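Asks: I'd like to ask you about the structure that follows.
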Amino acid sequence: MVANFNVYCALCSGCLVSFCDIGSSSPRHLTIRRARVARRTYSRRRGELYYETDDESEEEKVARLEALPWLREVAEADDNSSDTDSIGDPEDDLGYDPELVADSELMWLNEVFALGIAHREPGPRRYFISECFYYDRVYHYDPDEQSRYFAYGVSDLPDPPVFPMHAGCVDILSRAILGVVDVAGIRKEVLYDVMHELADFCRLDLKYGDITGADQDWQCVPGEEYSVICPTDPLDLAELLRSNYAANIPGAQKSLDLGGKVIRDPFRILPIEMIHHILGYLPGESIFALNKASCTVNTRTSNNQFWKRRLVQDMPWFWELQAYLAESQDGAHDYKALYMWLDRRTKPMYAMSGAFMGVANRRRIWGPCSELAGRYYDRLHAEGDGRVLSL
Ligand SMILES: [Zn+2]
């Protein structure tokens with residue numbers, strides 16, 4: 001007998017129904033859960049999957065606790081619990097942190113579409129992206145029992161599979177492909193072929209980021225709450241910048257002139273066009289690292305407009321930011337500082353919390369969506385469709 005496995009969203013690898021366990025809010029359970037998350041955060045930084053407290057010296061324990069934001073709670077729980085990964089204890093109360101995610105925030109998980117082929121309608125119009133109802137790997141295109149489709153590659157039915165996706169994730173995919181939300185504008189037959197090529201057992205063969213919930217059943221892993229926060233809920237960025245950013249980031253700082261102290265800088269002999277060409281291949285955090293190593297690069301990237309362009313180029317998934325930049329006056333911000341601040345807060349991270357969780361989830365989902373968009377255009381070009389311009 002073959003065990004039952006869940007299937008997951010083709011775009012985010014998330015669960016397709018909101019059967020998520022929200023953990024208890026009792027102080028003891030909160031403490032135990034957060035202690036576990038804290039220990040895993042620490043072990044991940046060391047490149048280990050799990051943390052074994054048995055191997056820990058007192059010095060290591062002090063160093064670990066000092067690196068944690070909720071030091072006091074963790075220290076308290078550390079004295080009462082042993083292994084971080086034992087799931088057997090019912091008192092552990094696994095599930096999401098109730099202060100990070102509420103049941104009401106999970107409704108978006110229930111709104112599921114599927115891309116498929118309506119087998120009883122011949123011709124190119126038979127491809128559909130339509131609301132579907134999920135039951136044990138089977139999707140119902142309509143309430144008619146005859147219209148049943150299996151998801152992904154494993155099927156007892158002769159019909160081609162469907163690919164389930166959250167409605168919100170489909171909007172993100174549409175933006176990655178077309179630049180706007182226009183699901184009807186996507187060539188479904190092309191997208192279907194792209195997905196079919198990548199079909200795995202319960203999702204697509206894509207990089208969905210550092211999340212581990214998609215197991216045989218969906219696991220509500222403490223520390224991965226951001227992965228179930230709605231990625232398309234709009235963020236009031238202007239308000240966050242007023243209340244949060246302005247209070248923590250000082251105004252633009254003048255760069256120090258260190259040119260006279262540099263002994264050797266290989267970038268000094270390169271033409272400025274070449275430097276900008278190289279920078280075009282680097283993500284922002286690599287440019288920050290390079291700035292520390294090269295005075296020339298630091299000077300070339302000290303222009304405020306350079307960082308405004310990088311905000312536009314590097315954060316296409318942050319449409320609230322794009323709208324904000326289009327309206328904001330030049331000189332209103334130190335864009336380099338803004339880049340650093342937003343890049344850090346929107347980075348999908350185990351154990352993250354706060355107002356940017358949804359946008360971080362969107363940024364995570366943008367990865368597989370842009371991979372699909374690239375393959376979509378490759379396929380269109382291969383078909384010689386001259387009308388299509390790659391974004
Ligand atoms: Zn999804």
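Residues are named by chain letter and number: chains run A, B, ... in the order of the structure tokens, numbers start at 1 in each chain, and ligands are numbered from 1 in the order shown.
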List all protein, DNA and RNA residues that have an atom no more than 12 Å from any atom of ligand 1, counting only C-alpha atoms and all ligand atoms, and report them as a ChimeraX atom specification.
Replies: /A:7-18,106,108-114,163-173,203-204,208,214,227-232,361-362,364-366,368-369
Asks: Selected residues, C-alpha atoms, written as a compact mmCIF listing (two decimals), in the first residue's frame, please.
Replies:
# COMPACT_ATOMS: atom_id res chain seq x y z
CA VAL A 7 0.71 18.08 -2.78
CA TYR A 8 1.78 21.71 -2.60
CA CYS A 9 1.51 25.00 -4.45
CA ALA A 10 3.58 24.94 -7.63
CA LEU A 11 4.76 28.49 -6.97
CA CYS A 12 5.41 28.72 -3.23
CA SER A 13 5.49 25.04 -2.09
CA GLY A 14 2.97 26.01 0.58
CA CYS A 15 0.00 23.99 1.84
CA LEU A 16 -3.21 24.20 -0.18
CA VAL A 17 -5.62 24.32 2.70
CA SER A 18 -5.35 26.33 5.90
CA LEU A 106 -4.37 31.95 6.66
CA TRP A 108 -5.50 33.00 1.38
CA LEU A 109 -4.20 29.41 1.47
CA ASN A 110 -7.69 28.10 0.68
CA GLU A 111 -8.06 30.03 -2.56
CA VAL A 112 -6.53 27.61 -5.04
CA PHE A 113 -6.39 27.63 -8.82
CA ALA A 114 -5.01 24.91 -11.06
CA PHE A 163 -0.66 22.12 -11.33
CA PRO A 164 -2.26 23.70 -8.25
CA MET A 165 -1.38 27.24 -7.19
CA HIS A 166 -2.68 29.75 -4.67
CA ALA A 167 -4.59 32.57 -6.33
CA GLY A 168 -2.23 35.08 -4.68
CA CYS A 169 0.80 33.22 -6.03
CA VAL A 170 -0.71 33.26 -9.53
CA ASP A 171 -0.82 37.08 -9.31
CA ILE A 172 2.87 37.10 -8.40
CA LEU A 173 3.65 34.79 -11.32
CA ARG A 203 5.52 20.17 -6.32
CA LEU A 204 7.80 21.44 -9.08
CA TYR A 208 11.47 27.40 -2.98
CA ALA A 214 6.33 20.45 2.58
CA SER A 227 6.00 31.09 4.79
CA VAL A 228 2.24 31.07 5.44
CA ILE A 229 1.73 34.84 5.67
CA CYS A 230 -0.21 36.20 2.68
CA PRO A 231 2.36 37.47 0.17
CA THR A 232 0.02 39.86 -1.63
CA ASN A 361 7.35 35.57 1.69
CA ARG A 362 6.63 37.35 -1.60
CA ARG A 364 10.83 34.08 -1.59
CA ILE A 365 8.02 33.19 -4.04
CA TRP A 366 9.44 35.61 -6.62
CA PRO A 368 10.52 30.26 -8.47
CA CYS A 369 8.18 32.63 -10.35
Asks: Between CA of Val181 in chain A and CA of Met195 in chain A, what is the distance in Å, rounded to a tenth?
Replies: 19.5 Å
Asks: Might you pull out every residue within 9 Å of Val190 in chain A, with only C-alpha atoms counted and same-chain residues fewer than 4 positions away left off, and present them as a PyMOL selection string?
Replies: chain A and resi 186+194-195+376-377+379-380
Asks: Quick one: residues within 9 Å of Pro266 in chain A, only C-alpha atoms counted, chain neighbours fewer than 4 positions away excluded, as a PDB file with C-alpha atoms, in the first residue's frame?
Replies:
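The resulting file, result.pdb, is reproduced below:
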ATOM      1  CA  LEU A 270      39.346  49.805 -14.873  1.00  0.00           C
ATOM      2  CA  SER A 294      37.838  48.680  -2.911  1.00  0.00           C
ATOM      3  CA  THR A 296      37.349  52.902  -6.170  1.00  0.00           C
TER       4      THR A 296
END
Asks: With only C-alpha atoms as the counted atoms, please give the residues lying no more than 10 Å from Ala323 in chain A, apart from itself and same-chain residues fewer than 5 positions off, as a PyMOL selection string.
Replies: chain A and resi 237+312+318+328
Asks: Set the distance at 9 Å and use only C-alpha atoms: which residues neighbour Leu321 in chain A once local chain neighbours fewer than 4 positions away are removed? I'd like the list as a PyMOL selection string.
Replies: chain A and resi 237-238+311-312+315-317+325-326
Asks: Might you pull out every residue within 8 Å of Ile22 in chain A, with only C-alpha atoms counted and same-chain residues fewer than 6 positions away left off, and present them as a count of residues only?
Replies: 7
Asks: Which residue, A:Arg375, A:Leu240, A:Pro222, A:Arg46, has the smallest gap to Ile32 in chain A when you use only C-alpha atoms?
Replies: A:Pro222
Asks: Counting only C-alpha atoms, which residue out of A:Ala382, A:Trp307, A:Ala176, A:Ser43 sits closest to Trp319 in chain A?
Replies: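 With only C-alpha atoms as the atom set, the closest residue is A:Ala176.
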Asks: Calculated over only C-alpha atoms, which of the candidates A:Glu320, A:Gly284, A:Ala289, A:Val297 has the smallest distance to Asp343 in chain A?
Replies: A:Gly284
Asks: Give me, please, the distance in Å between CA of Glu99 in chain A and CA of Arg28 in chain A, quoted to one decimal.
Replies: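 One can read the CA of Glu99 in chain A to CA of Arg28 in chain A distance as 14.0 Å.
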Asks: When you count only C-alpha atoms, which of these residues is closest to Lys308 in chain A: A:Tyr339, A:Gln329, A:Lys292, A:Val37?
Replies: A:Tyr339
Asks: Go ahead and compute the interatomic distance for CA of Asp200 in chain A and CA of Asp217 in chain A, in Å to one decimal.
Replies: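 About the pair CA of Asp200 in chain A and CA of Asp217 in chain A: they are 16.0 Å apart.
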Asks: From the options A:Glu273, A:Arg363, A:Arg310, A:Leu241, which residue's atoms come nearest to Ala332 in chain A, counting only C-alpha atoms?
Replies: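 For Ala332 in chain A, the nearest of the candidates is A:Leu241.
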Asks: Determine the nearest neighbour of Ser353 in chain A from the options A:Tyr152, A:Phe19, A:Glu224, A:Ala184, counting only C-alpha atoms.
Replies: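 Closest residue, counting only C-alpha atoms: A:Glu224.
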Asks: Please return as a PyMOL selection string: the residues of range 239-376 of chain A that backbone DSSP assigns to alpha helix (DSSP H).
Replies: chain A and resi 239-240+246-248+272-279+284-293+295-300+304-314+319-327+335-345+357-376
